[in-house]
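> Okay, handing you the structure first.
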Amino acid sequence: MFDGPDPIGGPASGAEREVRTTCPYCGVGCGVVARVAADGAVSVRGDSGHPANRGRLCSKGSALAETLVPDGRLLHPEIDGQRVGWDEALDAVARRFSDTIATHGPESVAFYVSGQLLTEDYYAANKLMKGFIGSANIDTNSRLCMASSVVGHKRGLGADAVPGAYEDFECADLVVLVGSNLAWCHPVLNQRLLAARAERGTRIVVVDPRRTDCVDAADRHLALQAGTDAVLFNGLLAWLDDHGHRDAGFVAAHADGAEEALAAARADAPDVATVARRCGLAEAEVAAFYAEFAATGRVVTVYSQGVNQSSQGSDTVNAILNVHFLTGRIGHPGCGPFSVTGQPNAMGGREVGGLANQLAAHMGFTAEEVERVGRFWKAPCIADRPGLKAVDLFRAIEAGTVKAVWIMATNPAVSMPDAGRVRRALERCETVVVSDCIGDTDTGRLAHIRLPALGWSEKDGTVTNSDRTISRQRAFRDGAGEARADWWIVTQVARRMGFADAFPYESAAELFREHAALSAFENDGARAFDIGALQGLDDAGYEALAPFPWPWRAGEEPKMRLFGDGRFFTGHGRAQMLPVTAKPLPRSLPDGALLLNTGRLRDQWHTMTRTGLSPRLSAHVPEPRLDIHPADAAARGLADGGFARIVTGTGEALARVRLTDAQGAGTMFLPMHWTDRFTGACVVGRLIDDEAVDPLSGQPDLKRMPATVQPWRPDWTAFLLSRRALEPGHGGYWGGYWARRAVAGGHLVEMAGIGAIPEIGGWLPGLDPAGAAVEYRDGARGSLRMAWLEGDRLEACLFVAADGRLPPRGWLAGLLEAGGLDDGARAGLLAGRAPGAQADEGRIVCACFGVGINRLMGAIRDGRLTSVAEIGAALKAGTNCGSCVPELKEVLRHAHRHEVA
Ligand SMILES: Nc1nc2c(c(=O)[nH]1)N[C@H]1C(S)=C(S)[C@@H](COP(=O)(O)OP(=O)(O)OC[C@H]3O[C@@H](n4cnc5c(=O)[nH]c(N)nc54)[C@H](O)[C@@H]3O)O[C@H]1N2
Ligand SMILES: Nc1nc2c(c(=O)[nH]1)N[C@H]1C(S)=C(S)[C@@H](COP(=O)(O)OP(=O)(O)OC[C@H]3O[C@@H](n4cnc5c(=O)[nH]c(N)nc54)[C@H](O)[C@@H]3O)O[C@H]1N2
Ligand code: SF4
Ligand SMILES: [Mo]
């Protein structure tokens with residue numbers, strides 16, 4: 001359907017080649033062209049022929065080649081930490097699962113999978129569990145991500161189908177971002193929105209308790225109280241009706257439940273004054289937003305985790321759908337509700353039925369559907385009822401009723417709420433199998449059997465992005481070590497469990513054809529998901545498959561936009577408006593506690609197993625960072641750049657403090673990314689309990705956890721730079737606070753501790769303190785500086801200070817990359833700066849061109865730069881993906897404020 005140059009072949013060796021594939025990070029699903037040079041070096045660029053990005057990439061996409069390093073890959077199957085062959089590992093998984101099922105029944109086993117699997121992998125895992133093991137205990141990390149939207153879609157639209165397309169962002173007149181930090185989390189979609197705004201003046205409203213980078217380009221920011229979105233949208237529904245903005249024709253012909261929904265909305269939010277009070281907003285702001293919404297026909301309401309990850313996420317989704325139904329703003333260019341999905345294949349997982357409460361291909365557990373899928377699969381004992389949702393699944397593991405679990409492509413020891421409890425449950429579980437591309441993950445550490453999976457660049461299959469576009473991910477390199485495709489691993493285990501006939505697959509294409517056939521099987525149009533046109537696709541066609549949106553029914557064209565005809569997938573074909581009653585926050589807020597909000601950073605991806613390998617991406621926010629309002633910080637004695645200890649009922653964490661008024665008073669924000677592999681104590685999942693869960697979707701509330709915070713005052717601080725990888729697993733000193741990251745040429749660990757400085761001998765396994773080439777001690781000031789050389793190259797250096805005064809890291813880190821040290825560098829080594837002292841880059845603001853805060857400030861000062869364009873001309877910063885533009889503006893504002901003062 002979308003034209004573009006023909007994709008060029010899969011893995012081969014020798015000559016230079018280019019392969020078109022898809023970015024493995026967010027749900028925008030950008031097309032990527034990977035170029036493999038004759039020597040095997042990889043570079044990437046955006047695919048100008050891909051409909052999602054038309055050549056654009058963000059900082060994470062641009063840095064993909066940097067993450068294609070062998071560091072940390074799981075290369076061989078392992079049982080109890082010992083390398084084994086594939087046969088032995090697969091036999092062991094099959095035997096352990098079969099034995100458990102034979103003794104305790106099919107409900108005693110489970111799979112926990114992920115939106116980072118390809119559709120073909122997902123399809124195989126779902127078929128094995130639901131069709132052949134006979135239990136629906138397969139759930140996915142999409143439970144933590146999109147489950148509330150799934151419920152909202154099904155209730156309102158009758159199917160889990162995003163109505164619109166990315167193009168709608170470009171032809172809308174108003175885009176409302178609700179609980180979505182599009183600038184950081186869907187950057188290319190944000191770029192498309194900003195380009196449209198520049199061209200046609202699209203207005204943008206941000207609804208988020210934080211002032212995110214999205215606000216930079218917005219006309220209005222509604223910094224509402226966390227958890228009050230349902231009030232805001234109920235109020236809007238009532239207001240629209242009261243002020244004559246109902247599309248009476250659409251409602252009469254195509255929507256049910258309007259009066260009930262309006263009655264509930266009026267009870268909750270009868271007028272602007274009530275909404276303003278309940279949401280903590282000014283009346284004028286609310287009134288202006290409502291009027292703007294009413295006056296604009298082309299409105300897209302974009303929502304994400306600020307809405308979904310809530311104990312009333314499903315209802316909030318329906319409150320949003322209700323206003324689009326009341327005004328008939330759905331199914332046409334430039335309007336509609338738009339759930340932006342997180343993971344590259346969150347949507348594909350929903351299509352195959354990867355959630356425990358779905359069966360397969362948009363079918364659920366009615367007797368008719370169970371019979372139909374069972375017949376299609378020729379499944380002897382298909383599951384006939386929903387299985388356990390993620391939180392309940394891990395509780396069942398804890399209780400011992402689930403005795404064997406296979407975790408694929410997700411890191412629940414970090415990402416689940418009450419991650420401490422999840423870890424204890426896994427420690428107790430009889431059989432834990434983990435398939436991952438990375439060897440040492442927090443979850444992998446708890447596994448009995450570890451299976452090496454192919455990673456991006458090696459794996460082959462399809463993914464579905466946020467606007468239902470299905471794209472191919474293609475392999476362009478051989479797998480690392482003995483890693484194999486996830487679908488292959490599942491297929492092999494299924495065969496060994498006795499289901500060889502149903503798992504004959506030798507290629508991803510075979511799985512795709514079967515998936516396509518099931519989507520069309522006895523589908524008379526009642527099921528939205530139908531890609532029957534592709535059930536006969538041959539291998540060459542699969543290889544060449546160009547991106548297309550579903551549905552693509554046999555004999556028809558793919559459909560970019562749904563519901564334009566006013567027909568929905570509810571039984572009666574009408575949209576369903578639902579009465580929604582806003583609820584108070586699910587947890588009480590003790591005296592002195594603040595609300596802890598959690599989410600994402602611009603340049604990291606989830607548990608950092610891949611983005612953490614990139615020095616560029618790790619430089620934007622180098623350490624776990626707590627954002628807090630200056631007033632809340634002052635009241636607690638917290639200083640900017642100091643440390644904070646954050647405590648909740650389930651756990652605690654240590655993080656660096658950043659004071660910022662972007663954070664609303666009474667709230668704090670911690671990124672979700674750090675794990676035990678990257679820092680001493682900042683697994684955010686440990687801080688959040690698993691009690692507050694949406695009763696319908698099972699999605700946990702990860703954004704509103706009461707927490708107390710206090711200063712943590714170390715007696716000394718230090719950093720260690722080393723050419724060799726530094727990880728806690730390698731031994732050495734890792735007490736108190738530490739955070740490690742990749743730097744060009746090596747590794748950097750920041751450290752801090754209480755009490756006496758530990759014995760130096762223990763710090764650096766393999767490095768003898770007596771072997772230090774240079775050493776400087778100042779007993780009075782409690783400072784110590786040491787450096788180790790190998791030949792004339794810097795091997796490692798350690799700086800410790802009791803007064804907090806440590807040199808900048810940039811120049812020293814650069815020495816790791818340099819060849820031999822010249823005399824000047826040697827002389828500067830212990831001072832931590834070059835003799836001529838050029839400015840240290842400092843924290844990196846522009847990841848694409850590696851431009852740091854110090855260079856920026858210097859250029860602004862010396863070059864008298866006053867605009868982002870001038871910065872771009874001088875330093876290139878902000879001229880590639882543009883994600884740092886809001887931050888550049890902030891730096892400019894700050895620099896000029898300083899100048900005036
Ligand atoms: N850089 C980067 N991008 C990513 C990812 C990543 O790890 N890194 N992950 C991907 C995935 S899987 C996902 S799911 C998406 C998530 O994408 P987003 O949902 O955009 O990201 P989050 O940071 O989780 O949260 C979004 C916003 O919700 C706000 N919020 C919190 N509470 C409330 C509330 O009560 N009401 C409202 N209105 N807003 C609230 C937060 O302040 C935050 O700014 O990102 C995807 N993209
Ligand atoms: N506090 C808090 N917690 C959250 C969230 C939040 O906002 N706040 N957000 C939630 C959301 S929306 C999400 S989506 C989750 C994400 O959380 P996770 O899914 O746990 O995070 P990832 O780091 O993406 O884990 C993916 C794992 O799969 C591996 N992997 C990558 N590709 C492959 C592959 O092809 N095959 C296999 N077998 N393995 C692979 C990676 O190395 C990594 O270990 O976190 C959730 N948890
Ligand atoms: S926007 Fe998302 S899909 Fe596109 S390059 Fe960035 S991370 Fe990858
Ligand atoms: Mo997600």
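Residue numbering restarts at 1 for every chain of the structure tokens, chains are lettered A, B, ... in their displayed order, and ligands are numbered from 1 as they appear.
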As a PDB file with C-alpha atoms, in the first residue's frame, please: every protein or nucleic acid residue near ligand 2 (cut-off 7 Å, counting only C-alpha atoms and all ligand atoms).


ATOM      1  CA  SER A 114       6.203  -8.846  26.388  1.00  0.00           C
ATOM      2  CA  GLN A 116       8.954  -6.517  22.683  1.00  0.00           C
ATOM      3  CA  LEU A 117       8.405  -9.939  21.191  1.00  0.00           C
ATOM      4  CA  ASN A 141       3.951  -6.534  30.349  1.00  0.00           C
ATOM      5  CA  SER A 142       1.274  -4.815  28.252  1.00  0.00           C
ATOM      6  CA  LEU A 144       1.335  -2.582  32.955  1.00  0.00           C
ATOM      7  CA  CYS A 145       1.093  -0.517  29.829  1.00  0.00           C
ATOM      8  CA  GLN A 305       0.386   6.184  30.805  1.00  0.00           C
ATOM      9  CA  GLY A 342       4.424   2.137  24.285  1.00  0.00           C
ATOM     10  CA  GLN A 343       6.355  -0.829  23.052  1.00  0.00           C
ATOM     11  CA  MET A 408      10.267 -13.782  27.781  1.00  0.00           C
ATOM     12  CA  ALA A 409      11.569 -10.328  26.792  1.00  0.00           C
ATOM     13  CA  THR A 410      10.630  -8.498  29.969  1.00  0.00           C
ATOM     14  CA  ASN A 411      12.275  -7.699  33.287  1.00  0.00           C
ATOM     15  CA  PRO A 412       9.545  -7.950  35.940  1.00  0.00           C
ATOM     16  CA  VAL A 414      12.327  -4.223  37.949  1.00  0.00           C
ATOM     17  CA  SER A 415       9.178  -3.219  36.120  1.00  0.00           C
ATOM     18  CA  MET A 416       6.416  -4.810  38.206  1.00  0.00           C
ATOM     19  CA  PRO A 417       4.955  -2.920  41.146  1.00  0.00           C
ATOM     20  CA  SER A 435      14.546 -15.878  27.602  1.00  0.00           C
ATOM     21  CA  ASP A 436      16.527 -12.700  27.053  1.00  0.00           C
ATOM     22  CA  CYS A 437      19.282 -11.367  24.829  1.00  0.00           C
ATOM     23  CA  ILE A 438      21.177 -10.042  27.847  1.00  0.00           C
ATOM     24  CA  THR A 441      19.413  -8.830  34.161  1.00  0.00           C
ATOM     25  CA  ALA A 453      17.287 -14.922  22.352  1.00  0.00           C
ATOM     26  CA  LEU A 454      18.122 -13.114  19.145  1.00  0.00           C
ATOM     27  CA  GLY A 455      18.116  -9.356  19.522  1.00  0.00           C
ATOM     28  CA  TRP A 456      17.297  -6.493  17.194  1.00  0.00           C
ATOM     29  CA  LYS A 459      15.553 -11.320  14.551  1.00  0.00           C
ATOM     30  CA  ASP A 486      11.950 -16.635  20.409  1.00  0.00           C
ATOM     31  CA  THR A 598       7.238   7.550  37.819  1.00  0.00           C
ATOM     32  CA  GLY A 599       7.939   7.285  34.120  1.00  0.00           C
ATOM     33  CA  ARG A 600      10.452   7.781  31.379  1.00  0.00           C
ATOM     34  CA  TRP A 605      14.588   2.642  27.373  1.00  0.00           C
ATOM     35  CA  HIS A 606      12.971   0.806  30.297  1.00  0.00           C
ATOM     36  CA  THR A 607      15.439  -1.279  32.273  1.00  0.00           C
ATOM     37  CA  MET A 608      18.433   0.028  30.282  1.00  0.00           C
ATOM     38  CA  THR A 609      19.607  -3.358  29.055  1.00  0.00           C
ATOM     39  CA  ARG A 610      20.254  -1.819  25.625  1.00  0.00           C
ATOM     40  CA  MET A 672      11.649   3.888  35.995  1.00  0.00           C
ATOM     41  CA  VAL A 684      11.427   2.257  41.436  1.00  0.00           C
ATOM     42  CA  GLY A 685       9.228  -0.835  41.237  1.00  0.00           C
ATOM     43  CA  ILE A 688       5.283   1.050  44.525  1.00  0.00           C
ATOM     44  CA  LEU A 702       2.306   3.269  38.943  1.00  0.00           C
ATOM     45  CA  LYS A 703       2.052   7.043  38.907  1.00  0.00           C
TER      46      LYS A 703
END

> Grab me every residue within 10 Å of ligand 3, counting only C-alpha atoms and all ligand atoms, and send it over as an MDAnalysis selection string.

chainID A and resid 22:32 45:46 52:53 55:64 182:191 342:344 465 602:605 881 883

> Looking at only C-alpha atoms and all ligand atoms, which of A:Ala288, A:Met347, A:Ile489, A:Ala269 is the one that sits closest to ligand 4?

A:Met347

> With only C-alpha atoms as the atoms that count, which of A:Gly820, A:Ala276, A:Pro547, A:Leu193 lies nearest to Asp47 of chain A?

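Residue with the minimum atom-to-atom distance to Asp47 of chain A: A:Pro547.
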
> To one decimal place in Å, what is the distance between atom CA of Pro551 of chain A and atom CA of Gly532 of chain A?

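Straight-line distance from atom CA of Pro551 of chain A to atom CA of Gly532 of chain A works out to 8.5 Å.
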
> Rank nothing, just name the residue among A:Val370, A:Leu601, A:Ala198, A:Leu659 nearest to ligand 1, using only C-alpha atoms and all ligand atoms.

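Looking at the shortest contact to ligand 1, the residue is A:Leu601.
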
> Of the candidates A:Ala494, A:Phe132, A:Val205, A:Gln699, which shows the shortest atom-to-atom distance to ligand 4, using only C-alpha atoms and all ligand atoms?

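Looking at the shortest contact to ligand 4, the residue is A:Gln699.
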
> Pick out the residues sitting within 6 Å of segment 720-727 of chain A, and hand them over as a tab-separated table (two decimals) with C-alpha atoms, in the first residue's frame; count only C-alpha atoms, and ignore anything fewer than 4 positions along from it in its own chain.


chain	number	residue	atom	x	y	z
A	746	GLY	CA	35.07	2.70	29.17
A	747	HIS	CA	32.92	2.82	32.26
A	748	LEU	CA	32.25	5.30	35.03
A	749	VAL	CA	30.93	4.63	38.52
A	795	GLU	CA	43.64	2.09	32.42
A	796	ALA	CA	41.67	3.38	35.39
A	797	CYS	CA	41.50	6.21	37.86
A	798	LEU	CA	39.86	6.73	41.22

> Any idea what's packed within 9 Å of Ala258 of chain A, counting only C-alpha atoms, ignoring anything in its chain fewer than 2 positions away? Could you give it as an mmCIF file with N, CA and C atoms, in the first residue's frame?


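For reference, selection.cif as written:
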data_model
loop_
_atom_site.group_PDB
_atom_site.id
_atom_site.type_symbol
_atom_site.label_atom_id
_atom_site.label_comp_id
_atom_site.auth_asym_id
_atom_site.auth_seq_id
_atom_site.Cartn_x
_atom_site.Cartn_y
_atom_site.Cartn_z
ATOM 1 N N VAL A 251 -25.093 11.071 17.501
ATOM 2 C CA VAL A 251 -25.492 10.353 18.718
ATOM 3 C C VAL A 251 -26.755 9.534 18.443
ATOM 4 N N ALA A 255 -24.668 6.182 18.509
ATOM 5 C CA ALA A 255 -24.146 5.991 19.870
ATOM 6 C C ALA A 255 -25.252 5.665 20.855
ATOM 7 N N ASP A 256 -24.946 4.754 21.754
ATOM 8 C CA ASP A 256 -25.864 4.430 22.843
ATOM 9 C C ASP A 256 -25.320 4.992 24.153
ATOM 10 N N GLU A 260 -27.185 8.317 30.087
ATOM 11 C CA GLU A 260 -26.585 7.760 31.311
ATOM 12 C C GLU A 260 -25.205 8.357 31.541
ATOM 13 N N ALA A 261 -24.420 8.465 30.464
ATOM 14 C CA ALA A 261 -23.071 9.014 30.609
ATOM 15 C C ALA A 261 -23.143 10.470 31.069
ATOM 16 N N LEU A 262 -24.095 11.215 30.490
ATOM 17 C CA LEU A 262 -24.216 12.622 30.871
ATOM 18 C C LEU A 262 -24.689 12.776 32.307
ATOM 19 N N ALA A 263 -25.606 11.911 32.734
ATOM 20 C CA ALA A 263 -26.098 12.011 34.110
ATOM 21 C C ALA A 263 -24.939 11.787 35.081
ATOM 22 N N ASN A 322 -16.067 9.191 25.461
ATOM 23 C CA ASN A 322 -17.412 9.791 25.521
ATOM 24 C C ASN A 322 -17.467 11.154 24.845
ATOM 25 N N PHE A 325 -17.495 10.758 21.147
ATOM 26 C CA PHE A 325 -18.779 10.245 20.646
ATOM 27 C C PHE A 325 -19.840 11.353 20.661
ATOM 28 N N LEU A 326 -19.907 12.096 21.768
ATOM 29 C CA LEU A 326 -20.944 13.124 21.891
ATOM 30 C C LEU A 326 -20.841 14.142 20.763
ATOM 31 N N GLN A 576 -20.591 2.867 22.255
ATOM 32 C CA GLN A 576 -21.185 2.802 23.581
ATOM 33 C C GLN A 576 -20.603 3.902 24.462
ATOM 34 N N MET A 577 -21.445 4.837 24.868
ATOM 35 C CA MET A 577 -21.004 5.816 25.861
ATOM 36 C C MET A 577 -21.241 5.222 27.235
ATOM 37 N N LEU A 578 -20.296 5.425 28.133
ATOM 38 C CA LEU A 578 -20.386 4.771 29.444
ATOM 39 C C LEU A 578 -20.464 5.791 30.557
ATOM 40 N N PRO A 579 -21.312 5.559 31.537
ATOM 41 C CA PRO A 579 -21.311 6.447 32.699
ATOM 42 C C PRO A 579 -20.028 6.240 33.498
#

> Mind checking which residues fall within 12 Å of Leu446 of chain A, counting only C-alpha atoms, ignoring those fewer than 5 positions away in the same chain, and posting them as a PyMOL selection string?

chain A and resi 79-81+405-407+411-413+422-434+439-441

> What lies within 8 Å of Asn308 of chain A using only C-alpha atoms, ignoring chain neighbours under 2 positions off, as a PyMOL selection string?

chain A and resi 145-149+304-306+310+313-314+316-317+699

> Quick one: residues within 9 Å of Leu856 of chain A, only C-alpha atoms, excluding same-chain residues fewer than 4 positions away - as a short mmCIF file (atom, residue, chain, number, x, y, z; two decimals) with N, CA, C and O atoms, in the first residue's frame?


data_model
loop_
_atom_site.label_atom_id
_atom_site.label_comp_id
_atom_site.auth_asym_id
_atom_site.auth_seq_id
_atom_site.Cartn_x
_atom_site.Cartn_y
_atom_site.Cartn_z
N GLU A 841 32.85 19.04 28.86
CA GLU A 841 31.54 19.01 28.19
C GLU A 841 30.39 19.12 29.19
O GLU A 841 29.40 19.78 28.96
N VAL A 845 23.37 17.55 26.71
CA VAL A 845 22.01 18.00 26.42
C VAL A 845 21.56 17.45 25.06
O VAL A 845 20.51 16.85 24.94
N VAL A 851 26.57 17.36 22.59
CA VAL A 851 26.86 18.72 23.07
C VAL A 851 26.45 18.84 24.54
O VAL A 851 25.28 18.63 24.88
N GLY A 852 27.42 19.19 25.39
CA GLY A 852 27.18 19.24 26.82
C GLY A 852 26.83 20.64 27.30
O GLY A 852 27.02 21.64 26.59
N ILE A 860 26.96 30.24 24.27
CA ILE A 860 25.92 31.26 24.42
C ILE A 860 26.56 32.57 24.92
O ILE A 860 26.28 33.65 24.41
N ARG A 861 27.48 32.40 25.87
CA ARG A 861 28.13 33.58 26.45
C ARG A 861 29.05 34.24 25.41
O ARG A 861 28.90 35.41 25.08
N ILE A 871 22.12 28.55 18.16
CA ILE A 871 22.86 27.44 18.79
C ILE A 871 23.10 26.35 17.75
O ILE A 871 24.20 25.80 17.64
N LEU A 875 26.76 25.07 17.00
CA LEU A 875 27.20 23.80 17.61
C LEU A 875 26.51 22.56 17.03
O LEU A 875 26.80 21.45 17.44
N ALA A 877 23.82 21.50 17.82
CA ALA A 877 22.88 20.97 18.83
C ALA A 877 21.45 21.25 18.40
O ALA A 877 21.13 22.35 17.97
N LEU A 888 17.19 23.21 25.22
CA LEU A 888 18.05 24.31 24.74
C LEU A 888 17.41 25.65 25.09
O LEU A 888 18.07 26.58 25.52
N VAL A 891 17.96 26.30 28.67
CA VAL A 891 19.34 26.71 28.92
C VAL A 891 19.52 28.18 28.52
O VAL A 891 20.15 28.97 29.25
N LEU A 892 18.94 28.56 27.39
CA LEU A 892 19.02 29.97 26.95
C LEU A 892 18.38 30.90 27.98
O LEU A 892 18.96 31.92 28.35
#
